[in-house]
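Peer 1: Input structure: entry.pdb, which contains PDB, C-alpha atoms.
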```
ATOM      1  CA  MET A1074      88.500 167.587  89.810
ATOM      2  CA  ASP A1075      89.997 169.938  87.205
ATOM      3  CA  THR A1076      92.241 168.589  84.440
ATOM      4  CA  ALA A1077      95.523 169.842  85.910
ATOM      5  CA  THR A1078      94.789 168.221  89.263
ATOM      6  CA  GLU A1079      93.760 164.952  87.611
ATOM      7  CA  VAL A1080      96.842 164.827  85.393
ATOM      8  CA  ARG A1081      99.067 165.646  88.343
ATOM      9  CA  THR A1082      97.526 162.865  90.464
ATOM     10  CA  HIS A1083      97.941 160.209  87.765
ATOM     11  CA  ILE A1084     101.528 161.181  86.947
ATOM     12  CA  LEU A1085     102.562 161.263  90.602
ATOM     13  CA  ASP A1086     101.057 157.782  91.006
ATOM     14  CA  TRP A1087     103.052 156.640  87.976
ATOM     15  CA  TYR A1088     106.207 158.256  89.343
ATOM     16  CA  GLU A1089     105.895 156.422  92.650
ATOM     17  CA  ASP A1090     106.413 153.158  90.735
ATOM     18  CA  HIS A1091     109.035 154.494  88.298
ATOM     19  CA  PHE A1092     111.199 156.757  90.457
ATOM     20  CA  VAL A1093     114.814 157.083  89.269
ATOM     21  CA  GLU A1094     117.512 158.728  91.380
ATOM     22  CA  PHE A1095     119.503 161.574  89.829
ATOM     23  CA  PRO A1096     122.150 163.154  92.090
ATOM     24  CA  TRP A1097     121.545 166.764  91.064
ATOM     25  CA  ARG A1098     117.879 166.416  92.037
ATOM     26  CA  SER A1099     118.405 164.982  95.516
ATOM     27  CA  SER A1100     121.608 166.552  96.845
ATOM     28  CA  ARG A1101     119.992 169.970  97.470
ATOM     29  CA  SER A1102     123.209 171.568  96.232
ATOM     30  CA  PRO A1103     122.937 174.545  93.854
ATOM     31  CA  TYR A1104     126.379 173.713  92.457
ATOM     32  CA  HIS A1105     125.473 170.060  91.823
ATOM     33  CA  SER A1106     122.268 171.204  90.138
ATOM     34  CA  LEU A1107     124.130 173.711  87.973
ATOM     35  CA  VAL A1108     126.517 170.989  86.816
ATOM     36  CA  GLY A1109     123.541 168.692  86.219
ATOM     37  CA  GLY A1110     121.824 171.340  84.123
ATOM     38  CA  PHE A1111     124.875 171.692  81.883
ATOM     39  CA  CYS A1112     125.421 167.930  81.638
ATOM     40  CA  THR A1113     121.855 167.221  80.500
ATOM     41  CA  GLN A1114     121.759 169.813  77.716
ATOM     42  CA  GLN A1115     121.380 167.814  74.464
ATOM     43  CA  THR A1116     122.881 164.730  76.103
ATOM     44  CA  GLN A1117     121.562 161.254  76.892
ATOM     45  CA  MET A1118     120.885 160.774  80.591
ATOM     46  CA  SER A1119     123.278 157.833  80.946
ATOM     47  CA  ARG A1120     126.161 159.906  79.620
ATOM     48  CA  ALA A1121     125.092 162.917  81.691
ATOM     49  CA  LEU A1122     125.242 160.802  84.854
ATOM     50  CA  GLU A1123     128.772 159.652  84.050
ATOM     51  CA  THR A1124     129.923 163.183  83.308
ATOM     52  CA  HIS A1125     128.289 164.597  86.442
ATOM     53  CA  ALA A1126     130.048 162.075  88.685
ATOM     54  CA  ARG A1127     133.409 162.563  86.952
ATOM     55  CA  TRP A1128     133.074 166.342  87.074
ATOM     56  CA  LEU A1129     132.294 166.565  90.787
ATOM     57  CA  HIS A1130     135.175 164.220  91.577
ATOM     58  CA  ALA A1131     137.562 166.522  89.698
ATOM     59  CA  PHE A1132     135.963 169.839  90.729
ATOM     60  CA  PRO A1133     134.013 169.312  93.988
ATOM     61  CA  THR A1134     133.355 173.029  94.573
ATOM     62  CA  VAL A1135     132.703 176.201  92.627
ATOM     63  CA  ALA A1136     136.112 177.483  93.734
ATOM     64  CA  ASN A1137     137.882 174.336  92.476
ATOM     65  CA  LEU A1138     136.269 174.693  89.074
ATOM     66  CA  ALA A1139     136.939 178.421  88.802
ATOM     67  CA  ALA A1140     140.642 177.951  89.544
ATOM     68  CA  ALA A1141     141.218 174.937  87.280
ATOM     69  CA  GLU A1142     143.163 174.992  84.023
ATOM     70  CA  THR A1143     140.754 175.111  81.101
ATOM     71  CA  SER A1144     142.688 172.280  79.466
ATOM     72  CA  GLU A1145     141.909 170.082  82.484
ATOM     73  CA  VAL A1146     138.247 171.148  82.361
ATOM     74  CA  LEU A1147     138.057 169.946  78.759
ATOM     75  CA  ARG A1148     139.831 166.684  79.593
ATOM     76  CA  VAL A1149     137.363 165.936  82.365
ATOM     77  CA  TRP A1150     134.420 166.780  80.087
ATOM     78  CA  GLY A1151     135.825 164.209  77.675
ATOM     79  CA  LYS A1152     133.488 162.809  75.027
ATOM     80  CA  THR A1153     130.291 164.193  76.531
ATOM     81  CA  GLY A1154     129.735 166.315  73.438
ATOM     82  CA  TYR A1155     129.352 170.040  72.792
ATOM     83  CA  PRO A1156     132.552 170.853  74.733
ATOM     84  CA  LYS A1157     131.784 174.562  74.699
ATOM     85  CA  ARG A1158     129.471 173.737  77.598
ATOM     86  CA  ALA A1159     132.483 172.828  79.732
ATOM     87  CA  VAL A1160     134.108 176.189  79.025
ATOM     88  CA  TYR A1161     130.875 178.046  79.775
ATOM     89  CA  LEU A1162     130.416 176.080  83.003
ATOM     90  CA  GLN A1163     133.871 177.094  84.166
ATOM     91  CA  ARG A1164     133.235 180.721  83.191
ATOM     92  CA  ALA A1165     129.951 180.602  85.115
ATOM     93  CA  ALA A1166     131.880 179.372  88.175
ATOM     94  CA  GLN A1167     134.413 182.177  87.769
ATOM     95  CA  GLN A1168     131.641 184.758  87.628
ATOM     96  CA  CYS A1169     130.070 183.249  90.751
ATOM     97  CA  MET A1170     133.402 183.730  92.512
ATOM     98  CA  GLU A1171     133.758 187.303  91.247
ATOM     99  CA  ARG A1172     130.164 188.540  91.535
ATOM    100  CA  PHE A1173     128.401 186.360  94.102
ATOM    101  CA  GLY A1174     131.011 185.612  96.736
ATOM    102  CA  GLY A1175     131.632 182.077  95.535
ATOM    103  CA  GLU A1176     127.939 181.115  95.773
ATOM    104  CA  ILE A1177     125.488 180.089  93.066
ATOM    105  CA  PRO A1178     122.771 182.779  92.935
ATOM    106  CA  SER A1179     119.107 181.867  93.358
ATOM    107  CA  GLU A1180     117.510 184.816  91.534
ATOM    108  CA  LEU A1181     116.444 183.969  87.978
ATOM    109  CA  ASP A1182     117.956 187.083  86.389
ATOM    110  CA  ASP A1183     121.280 186.476  88.144
ATOM    111  CA  LEU A1184     121.391 182.878  86.945
ATOM    112  CA  LEU A1185     120.498 183.868  83.384
ATOM    113  CA  SER A1186     123.381 186.341  83.409
ATOM    114  CA  LEU A1187     125.885 183.490  83.804
ATOM    115  CA  PRO A1188     127.583 182.119  80.658
ATOM    116  CA  GLY A1189     125.798 179.124  79.165
ATOM    117  CA  VAL A1190     122.807 179.318  81.520
ATOM    118  CA  GLY A1191     119.402 179.433  79.846
ATOM    119  CA  PRO A1192     115.899 179.177  81.347
ATOM    120  CA  PHE A1193     116.004 175.373  81.643
ATOM    121  CA  THR A1194     119.318 175.209  83.502
ATOM    122  CA  ALA A1195     118.373 178.186  85.677
ATOM    123  CA  GLU A1196     115.140 176.527  86.779
ATOM    124  CA  ILE A1197     116.948 173.236  87.478
ATOM    125  CA  VAL A1198     119.143 175.152  89.924
ATOM    126  CA  ARG A1199     116.206 176.990  91.470
ATOM    127  CA  CYS A1200     114.035 173.885  91.796
ATOM    128  CA  PHE A1201     116.500 171.174  92.824
ATOM    129  CA  GLY A1202     119.311 173.295  94.247
ATOM    130  CA  PHE A1203     117.243 175.776  96.234
ATOM    131  CA  GLY A1204     113.896 173.985  96.569
ATOM    132  CA  LEU A1205     111.920 176.861  95.053
ATOM    133  CA  ALA A1206     108.418 176.416  93.654
ATOM    134  CA  VAL A1207     109.223 176.477  89.935
ATOM    135  CA  LEU A1208     108.894 174.103  86.977
ATOM    136  CA  THR A1209     111.850 173.175  84.810
ATOM    137  CA  VAL A1210     109.992 173.340  81.519
ATOM    138  CA  ASP A1211     112.038 171.138  79.213
ATOM    139  CA  THR A1212     110.946 169.526  75.945
ATOM    140  CA  ASN A1213     109.426 166.607  77.854
ATOM    141  CA  ILE A1214     107.109 168.835  79.872
ATOM    142  CA  VAL A1215     106.169 170.885  76.798
ATOM    143  CA  ARG A1216     105.185 167.648  75.025
ATOM    144  CA  ILE A1217     102.958 166.531  77.897
ATOM    145  CA  PHE A1218     101.211 169.871  78.341
ATOM    146  CA  GLY A1219     100.731 170.537  74.632
ATOM    147  CA  ARG A1220      99.316 167.088  73.960
ATOM    148  CA  VAL A1221      97.166 166.567  77.046
ATOM    149  CA  PHE A1222      95.678 170.069  77.255
ATOM    150  CA  GLU A1223      95.759 171.274  73.622
ATOM    151  CA  GLY A1224      95.767 168.123  71.498
ATOM    152  CA  ASP A1225      98.893 169.159  69.595
ATOM    153  CA  LEU A1226     100.942 166.270  68.227
ATOM    154  CA  GLN A1227     104.168 168.290  68.081
ATOM    155  CA  PRO A1228     103.858 170.853  70.903
ATOM    156  CA  ILE A1229     107.418 172.138  70.521
ATOM    157  CA  LYS A1230     106.260 173.624  67.214
ATOM    158  CA  ASP A1231     102.529 174.068  67.702
ATOM    159  CA  THR A1232     101.743 174.980  71.332
ATOM    160  CA  SER A1233     102.267 178.626  72.252
ATOM    161  CA  LYS A1234     104.748 179.530  74.968
ATOM    162  CA  ASP A1235     102.055 181.551  76.707
ATOM    163  CA  ARG A1236      99.816 178.496  76.948
ATOM    164  CA  ILE A1237     102.672 176.349  78.304
ATOM    165  CA  LYS A1238     103.390 179.050  80.874
ATOM    166  CA  GLU A1239      99.711 179.188  81.866
ATOM    167  CA  ILE A1240      99.543 175.415  82.416
ATOM    168  CA  SER A1241     102.854 175.486  84.298
ATOM    169  CA  GLU A1242     101.467 178.060  86.698
ATOM    170  CA  GLN A1243      98.492 175.780  87.401
ATOM    171  CA  PHE A1244     100.856 172.974  88.380
ATOM    172  CA  ILE A1245     103.007 175.282  90.500
ATOM    173  CA  ALA A1246      99.898 176.466  92.355
ATOM    174  CA  LEU A1247      99.069 172.861  93.245
ATOM    175  CA  GLY A1248     102.321 172.592  95.229
ATOM    176  CA  ARG A1249     105.070 169.985  95.719
ATOM    177  CA  THR A1250     106.987 171.021  92.629
ATOM    178  CA  ASP A1251     109.903 169.039  94.052
ATOM    179  CA  LEU A1252     107.861 165.923  93.205
ATOM    180  CA  ILE A1253     105.825 166.880  90.152
ATOM    181  CA  ASN A1254     108.832 168.434  88.432
ATOM    182  CA  PRO A1255     110.942 165.260  88.121
ATOM    183  CA  ALA A1256     107.785 163.182  87.654
ATOM    184  CA  LEU A1257     106.778 165.192  84.572
ATOM    185  CA  MET A1258     110.316 165.179  83.165
ATOM    186  CA  ASP A1259     110.676 161.411  83.531
ATOM    187  CA  PHE A1260     107.148 160.717  82.288
ATOM    188  CA  GLY A1261     107.863 162.728  79.147
ATOM    189  CA  ALA A1262     111.165 160.937  78.631
ATOM    190  CA  SER A1263     109.717 157.423  78.922
ATOM    191  CA  ILE A1264     105.963 157.520  78.110
ATOM    192  CA  CYS A1265     105.015 160.760  76.335
ATOM    193  CA  THR A1266     107.990 160.531  73.993
ATOM    194  CA  GLY A1267     108.294 161.727  70.406
ATOM    195  CA  ARG A1268     106.282 158.642  69.451
ATOM    196  CA  PRO A1269     104.190 158.276  72.638
ATOM    197  CA  ARG A1270     103.273 154.980  74.287
ATOM    198  CA  CYS A1271      99.584 155.836  74.645
ATOM    199  CA  ASP A1272      98.678 152.236  75.532
ATOM    200  CA  GLU A1273     100.758 152.595  78.714
ATOM    201  CA  CYS A1274      99.753 156.163  79.545
ATOM    202  CA  PRO A1275      97.672 156.700  82.699
ATOM    203  CA  VAL A1276      96.233 159.973  81.352
ATOM    204  CA  SER A1277      95.355 158.798  77.831
ATOM    205  CA  ASP A1278      91.630 158.940  78.593
ATOM    206  CA  ILE A1279      91.839 162.686  79.252
ATOM    207  CA  CYS A1280      94.628 163.541  76.788
ATOM    208  CA  LYS A1281      93.326 165.517  73.801
ATOM    209  CA  ALA A1282      96.023 164.090  71.511
ATOM    210  CA  ALA A1283      95.723 160.409  72.497
ATOM    211  CA  SER A1284      92.898 159.571  70.094
ATOM    212  CA  LYS A1285      94.868 161.125  67.224
ATOM    213  CA  PHE A1286      97.910 158.985  67.974
ATOM    214  CA  ILE A1287      95.816 155.843  68.482
ATOM    215  CA  SER A1288      94.139 156.429  65.080
ATOM    216  CA  GLY A1289      97.565 156.415  63.440
ATOM    217  CA  GLN A1290      98.428 160.087  63.137
ATOM    218  CA  VAL A1291     102.107 160.916  63.602
ATOM    219  CA  PRO A1292     103.730 164.272  64.391
ATOM    220  CA  GLU A1293     105.702 166.064  61.723
ATOM    221  CA  PRO A1294     109.438 165.930  62.407
ATOM    222  CA  GLN A1295     110.551 168.872  64.503
ATOM    223  CA  ARG A1296     113.664 169.311  62.399
ATOM    224  CA  LYS A1297     115.865 167.388  60.047
ATOM    225  CA  ASN A1298     118.693 165.519  61.721
ATOM    226  CA  LYS A1299     122.042 166.900  60.731
ATOM    227  CA  VAL A1300     124.558 164.424  59.381
ATOM    228  CA  TYR A1301     127.349 163.990  61.932
ATOM    229  CA  ALA A1302     129.755 161.689  60.071
ATOM    230  CA  GLY A1303     132.291 163.777  58.173
ATOM    231  CA  SER A1304     130.927 167.067  59.499
ATOM    232  CA  ASP A1305     133.016 169.860  60.974
ATOM    233  CA  ARG A1306     131.571 168.944  64.351
ATOM    234  CA  GLU A1307     133.004 165.426  64.067
ATOM    235  CA  TRP A1308     136.416 166.731  63.006
ATOM    236  CA  ARG A1309     136.441 169.302  65.810
ATOM    237  CA  GLY A1310     135.781 166.502  68.269
ATOM    238  CA  LYS A1311     138.643 164.467  66.823
ATOM    239  CA  ILE A1312     141.031 167.411  67.183
ATOM    240  CA  LEU A1313     140.039 167.933  70.823
ATOM    241  CA  GLU A1314     140.370 164.212  71.526
ATOM    242  CA  LEU A1315     143.849 164.270  69.973
ATOM    243  CA  LEU A1316     144.932 167.255  72.071
ATOM    244  CA  THR A1317     143.785 165.592  75.304
ATOM    245  CA  ARG A1318     146.365 162.861  74.702
ATOM    246  CA  TYR A1319     149.276 165.302  74.784
ATOM    247  CA  SER A1320     150.589 167.284  77.741
ATOM    248  CA  ARG A1321     152.372 169.690  75.384
ATOM    249  CA  PRO A1322     151.089 171.796  72.486
ATOM    250  CA  VAL A1323     150.783 169.978  69.158
ATOM    251  CA  SER A1324     151.782 171.482  65.839
ATOM    252  CA  GLU A1325     149.114 172.278  63.265
ATOM    253  CA  LYS A1326     151.056 170.171  60.756
ATOM    254  CA  LYS A1327     151.014 167.161  63.081
ATOM    255  CA  ILE A1328     147.278 167.512  63.683
ATOM    256  CA  ARG A1329     146.601 167.486  59.953
ATOM    257  CA  LYS A1330     148.891 164.493  59.419
ATOM    258  CA  ILE A1331     147.553 162.335  62.276
ATOM    259  CA  LEU A1332     143.905 162.979  61.427
ATOM    260  CA  SER A1333     144.452 162.866  57.657
ATOM    261  CA  LEU A1334     142.684 166.177  57.134
ATOM    262  CA  GLU A1335     142.241 166.893  53.452
ATOM    263  CA  SER A1336     143.823 170.349  53.248
ATOM    264  CA  ASP A1337     145.482 173.207  55.105
ATOM    265  CA  GLU A1338     142.324 175.213  54.446
ATOM    266  CA  GLN A1339     140.167 172.651  56.273
ATOM    267  CA  THR A1340     142.677 172.472  59.127
ATOM    268  CA  GLN A1341     142.679 176.243  59.544
ATOM    269  CA  ARG A1342     138.885 176.467  59.388
ATOM    270  CA  LEU A1343     138.486 173.875  62.124
ATOM    271  CA  LEU A1344     141.176 175.387  64.347
ATOM    272  CA  MET A1345     139.797 178.897  63.914
ATOM    273  CA  GLY A1346     136.366 177.681  64.986
ATOM    274  CA  LEU A1347     137.767 175.908  68.035
ATOM    275  CA  GLU A1348     139.804 178.988  68.906
ATOM    276  CA  LYS A1349     136.766 181.242  68.588
ATOM    277  CA  ASP A1350     134.880 178.973  71.020
ATOM    278  CA  LEU A1351     137.793 179.170  73.501
ATOM    279  CA  LEU A1352     138.406 175.433  73.209
ATOM    280  CA  VAL A1353     141.985 175.777  71.933
ATOM    281  CA  SER A1354     144.641 178.426  71.739
ATOM    282  CA  ARG A1355     147.456 178.795  69.196
ATOM    283  CA  GLN A1356     150.883 180.322  69.130
ATOM    284  CA  ASN A1357     153.605 179.882  66.510
ATOM    285  CA  GLN A1358     151.514 177.178  64.787
ATOM    286  CA  LEU A1359     151.316 175.158  68.018
ATOM    287  CA  VAL A1360     147.911 174.237  69.385
ATOM    288  CA  LYS A1361     146.893 173.440  72.957
ATOM    289  CA  LEU A1362     143.624 172.878  74.814
ATOM    290  CA  GLY A1363     141.910 175.853  76.382
TER     291      GLY A1363
END
```
Re-express the file's structure as structure tokens.

Peer 2:
Amino acid sequence: MDTATEVRTHILDWYEDHFVEFPWRSSRSPYHSLVGGFCTQQTQMSRALETHARWLHAFPTVANLAAAETSEVLRVWGKTGYPKRAVYLQRAAQQCMERFGGEIPSELDDLLSLPGVGPFTAEIVRCFGFGLAVLTVDTNIVRIFGRVFEGDLQPIKDTSKDRIKEISEQFIALGRTDLINPALMDFGASICTGRPRCDECPVSDICKAASKFISGQVPEPQRKNKVYAGSDREWRGKILELLTRYSRPVSEKKIRKILSLESDEQTQRLLMGLEKDLLVSRQNQLVKLG
């Protein structure tokens, strides 16, 4: 039995005992999968699930989303984080209405042409929405492949994209990507994590990195965590949260006063950034969502 087949067998056995239901994986709806792809970008799964359910209740179809007020789109997105995703998701829906007859396209190039859709989200749609034989190669899958097959402790940095693609193609050729895809994603999220649980891993005896981890080696940090408290990102979020509480536009002066922003310069910098990202609009020093 070759390594890919052996790894696949062990992880599918593990998945049978650790299966978790995610609506965008099981509904066989390209639209649900597209929303799921956006919701899971840089977001904890628990929050993504809440957002996904809230979103589909508010905008059950592509047409509903395309026709909605952007201010309502941002209100429904709420505190999910990175609100630009909500704007891009609506713009993607509008382009689907304009270019694809109100349908989500299945071709990779067409999906990648939509605002906010990268390779990961596109493959989520193709795999779970259309049932195509593809792998959604997220950071979890890269970690598994780079460690098991190459022995790299930090595959995101150290394993080449060509090698990840080569291993992915081996798994695709083995079939049932509808099962191995979520199994790999969940295995990477719970076992082969940043600091892997090698003592619980069913493939540790064939993983080229396991002995390194067991001997005490640790991966170098992928990147330094940016400080959130007091950052422009935090203040931008506070401004958006404030605007969601008002049905009418709010004056720039009132925003600065309520949030106790330190200067007009800071206020203008934050509002200009939000305006550039299409999250707010301004007229006569009044600010509104969208």

Peer 1: Would you write out, as a list in words, every residue that the PyMOL selection byres ((chain A and resi 1136) around 10) captures in this file?

Peer 2: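 Output of the PyMOL selection byres ((chain A and resi 1136) around 10): Phe1132, Pro1133, Thr1134, Val1135, Asn1137, Leu1138, Ala1139, Ala1140, Ala1141, Gln1163, Ala1166, Gln1167, Cys1169, Met1170, Gly1175 and Glu1176 of chain A.
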
Peer 1: Skipping near chain neighbours, those fewer than 3 positions away, what residues fall within 9 Å of Arg1236 of chain A using all atoms listed in the file, listed as a ChimeraX atom specification?

Peer 2: /A:1218-1219,1223,1232-1233,1239-1241

Peer 1: Give me the residues near Pro1294 of chain A as a PyMOL selection string, where near means some atom within 12 Å (using all atoms listed in the file) and where sequence neighbours in that chain fewer than 4 positions away do not count.

Peer 2: chain A and resi 1226-1231+1267-1268+1298

Peer 1: Kindly indicate which residue among A:Leu1185, A:Val1323, A:Ile1214, A:Cys1271 lies nearest to Ala1256 of chain A, using all atoms listed in the file for the distances.

Peer 2: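 Smallest distance to Ala1256 of chain A is found for A:Ile1214.
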
Peer 1: Rank nothing, just name the residue among A:Glu1273, A:Glu1142, A:Glu1123, A:Glu1180 nearest to Ile1084 of chain A, using only C-alpha atoms.

Peer 2: A:Glu1273

Peer 1: When the PyMOL selection byres ((chain A and resi 1191) around 12) is applied to the structure above, which residues does it catch, written out as a VMD selection string?

Peer 2: chain A and resid 1107 1110 to 1111 1114 1158 1161 to 1162 1165 1181 to 1190 1192 to 1198 1209 to 1211

Peer 1: Could you tell me how far atom CA of Ile1253 of chain A lies from atom CA of Tyr1088 of chain A, in Å and to one decimal?

Peer 2: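 It comes out at 8.7 Å.
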
Peer 1: Determine the nearest neighbour of Pro1292 of chain A from the options A:Arg1220, A:Asp1086, A:Ser1179, A:Ser1102, counting only C-alpha atoms.

Peer 2: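 Of all the options, A:Arg1220 lies closest to Pro1292 of chain A.
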
Peer 1: Considering only C-alpha atoms, state which residue in the set A:Lys1152, A:Arg1081, A:Arg1199, A:Arg1120 is at the smallest distance from Glu1307 of chain A.

Peer 2: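 Distance minimum relative to Glu1307 of chain A lands on A:Lys1152.
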
Peer 1: Please report the interatomic distance between atom CA of His1125 of chain A and atom CA of Ser1100 of chain A in Å with one decimal.

Peer 2: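 Interatomic distance, atom CA of His1125 of chain A to atom CA of Ser1100 of chain A: 12.5 Å.
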
Peer 1: Measuring between only C-alpha atoms, which one of A:Ala1302, A:Ile1328, A:Val1221, A:Val1291 shows the shortest distance to Cys1265 of chain A?

Peer 2: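 Of A:Ala1302, A:Ile1328, A:Val1221, A:Val1291, the one nearest Cys1265 of chain A is A:Val1221, counting only C-alpha atoms.
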
Peer 1: How would segment 1136-1160 of chain A look with N, CA and C atoms restored, written as a PDB file, keeping the file's coordinate frame?

Peer 2:
```
ATOM      1  N   ALA A1136     134.760 176.922  93.693  1.00  0.00           N
ATOM      2  CA  ALA A1136     136.112 177.483  93.734  1.00  0.00           C
ATOM      3  C   ALA A1136     137.105 176.585  93.003  1.00  0.00           C
ATOM      4  N   ASN A1137     136.994 175.269  93.179  1.00  0.00           N
ATOM      5  CA  ASN A1137     137.882 174.336  92.476  1.00  0.00           C
ATOM      6  C   ASN A1137     137.743 174.489  90.967  1.00  0.00           C
ATOM      7  N   LEU A1138     136.516 174.574  90.510  1.00  0.00           N
ATOM      8  CA  LEU A1138     136.269 174.693  89.074  1.00  0.00           C
ATOM      9  C   LEU A1138     136.782 176.019  88.545  1.00  0.00           C
ATOM     10  N   ALA A1139     136.526 177.097  89.261  1.00  0.00           N
ATOM     11  CA  ALA A1139     136.939 178.421  88.802  1.00  0.00           C
ATOM     12  C   ALA A1139     138.445 178.517  88.661  1.00  0.00           C
ATOM     13  N   ALA A1140     139.183 177.846  89.529  1.00  0.00           N
ATOM     14  CA  ALA A1140     140.642 177.951  89.544  1.00  0.00           C
ATOM     15  C   ALA A1140     141.341 176.942  88.637  1.00  0.00           C
ATOM     16  N   ALA A1141     140.609 176.005  88.071  1.00  0.00           N
ATOM     17  CA  ALA A1141     141.218 174.937  87.280  1.00  0.00           C
ATOM     18  C   ALA A1141     141.756 175.453  85.952  1.00  0.00           C
ATOM     19  N   GLU A1142     142.705 174.716  85.380  1.00  0.00           N
ATOM     20  CA  GLU A1142     143.163 174.992  84.023  1.00  0.00           C
ATOM     21  C   GLU A1142     142.058 174.585  83.047  1.00  0.00           C
ATOM     22  N   THR A1143     141.815 175.423  82.060  1.00  0.00           N
ATOM     23  CA  THR A1143     140.754 175.111  81.101  1.00  0.00           C
ATOM     24  C   THR A1143     141.054 173.816  80.355  1.00  0.00           C
ATOM     25  N   SER A1144     142.319 173.530  80.129  1.00  0.00           N
ATOM     26  CA  SER A1144     142.688 172.280  79.466  1.00  0.00           C
ATOM     27  C   SER A1144     142.230 171.082  80.296  1.00  0.00           C
ATOM     28  N   GLU A1145     142.344 171.174  81.622  1.00  0.00           N
ATOM     29  CA  GLU A1145     141.909 170.082  82.484  1.00  0.00           C
ATOM     30  C   GLU A1145     140.381 169.983  82.483  1.00  0.00           C
ATOM     31  N   VAL A1146     139.712 171.127  82.441  1.00  0.00           N
ATOM     32  CA  VAL A1146     138.247 171.148  82.361  1.00  0.00           C
ATOM     33  C   VAL A1146     137.779 170.391  81.121  1.00  0.00           C
ATOM     34  N   LEU A1147     138.434 170.622  80.001  1.00  0.00           N
ATOM     35  CA  LEU A1147     138.057 169.946  78.759  1.00  0.00           C
ATOM     36  C   LEU A1147     138.391 168.463  78.805  1.00  0.00           C
ATOM     37  N   ARG A1148     139.481 168.104  79.463  1.00  0.00           N
ATOM     38  CA  ARG A1148     139.831 166.684  79.593  1.00  0.00           C
ATOM     39  C   ARG A1148     138.792 165.946  80.430  1.00  0.00           C
ATOM     40  N   VAL A1149     138.356 166.573  81.507  1.00  0.00           N
ATOM     41  CA  VAL A1149     137.363 165.936  82.365  1.00  0.00           C
ATOM     42  C   VAL A1149     136.021 165.826  81.637  1.00  0.00           C
ATOM     43  N   TRP A1150     135.667 166.828  80.859  1.00  0.00           N
ATOM     44  CA  TRP A1150     134.420 166.780  80.087  1.00  0.00           C
ATOM     45  C   TRP A1150     134.452 165.621  79.111  1.00  0.00           C
ATOM     46  N   GLY A1151     135.626 165.372  78.529  1.00  0.00           N
ATOM     47  CA  GLY A1151     135.825 164.209  77.675  1.00  0.00           C
ATOM     48  C   GLY A1151     134.933 164.179  76.456  1.00  0.00           C
ATOM     49  N   LYS A1152     134.298 163.034  76.229  1.00  0.00           N
ATOM     50  CA  LYS A1152     133.488 162.809  75.027  1.00  0.00           C
ATOM     51  C   LYS A1152     132.003 163.072  75.262  1.00  0.00           C
ATOM     52  N   THR A1153     131.693 163.910  76.234  1.00  0.00           N
ATOM     53  CA  THR A1153     130.291 164.193  76.531  1.00  0.00           C
ATOM     54  C   THR A1153     129.590 164.872  75.360  1.00  0.00           C
ATOM     55  N   GLY A1154     130.328 165.609  74.568  1.00  0.00           N
ATOM     56  CA  GLY A1154     129.735 166.315  73.438  1.00  0.00           C
ATOM     57  C   GLY A1154     129.512 167.789  73.735  1.00  0.00           C
ATOM     58  N   TYR A1155     129.511 168.594  72.677  1.00  0.00           N
ATOM     59  CA  TYR A1155     129.352 170.040  72.792  1.00  0.00           C
ATOM     60  C   TYR A1155     130.278 170.601  73.880  1.00  0.00           C
ATOM     61  N   PRO A1156     131.595 170.481  73.683  1.00  0.00           N
ATOM     62  CA  PRO A1156     132.552 170.853  74.733  1.00  0.00           C
ATOM     63  C   PRO A1156     132.524 172.326  75.131  1.00  0.00           C
ATOM     64  N   LYS A1157     131.902 173.161  74.308  1.00  0.00           N
ATOM     65  CA  LYS A1157     131.784 174.562  74.699  1.00  0.00           C
ATOM     66  C   LYS A1157     131.056 174.692  76.033  1.00  0.00           C
ATOM     67  N   ARG A1158     130.188 173.717  76.326  1.00  0.00           N
ATOM     68  CA  ARG A1158     129.471 173.737  77.598  1.00  0.00           C
ATOM     69  C   ARG A1158     130.435 173.702  78.782  1.00  0.00           C
ATOM     70  N   ALA A1159     131.510 172.927  78.641  1.00  0.00           N
ATOM     71  CA  ALA A1159     132.483 172.828  79.732  1.00  0.00           C
ATOM     72  C   ALA A1159     133.155 174.169  79.980  1.00  0.00           C
ATOM     73  N   VAL A1160     133.480 174.870  78.894  1.00  0.00           N
ATOM     74  CA  VAL A1160     134.108 176.189  79.025  1.00  0.00           C
ATOM     75  C   VAL A1160     133.127 177.172  79.659  1.00  0.00           C
TER      76      VAL A1160
END
```
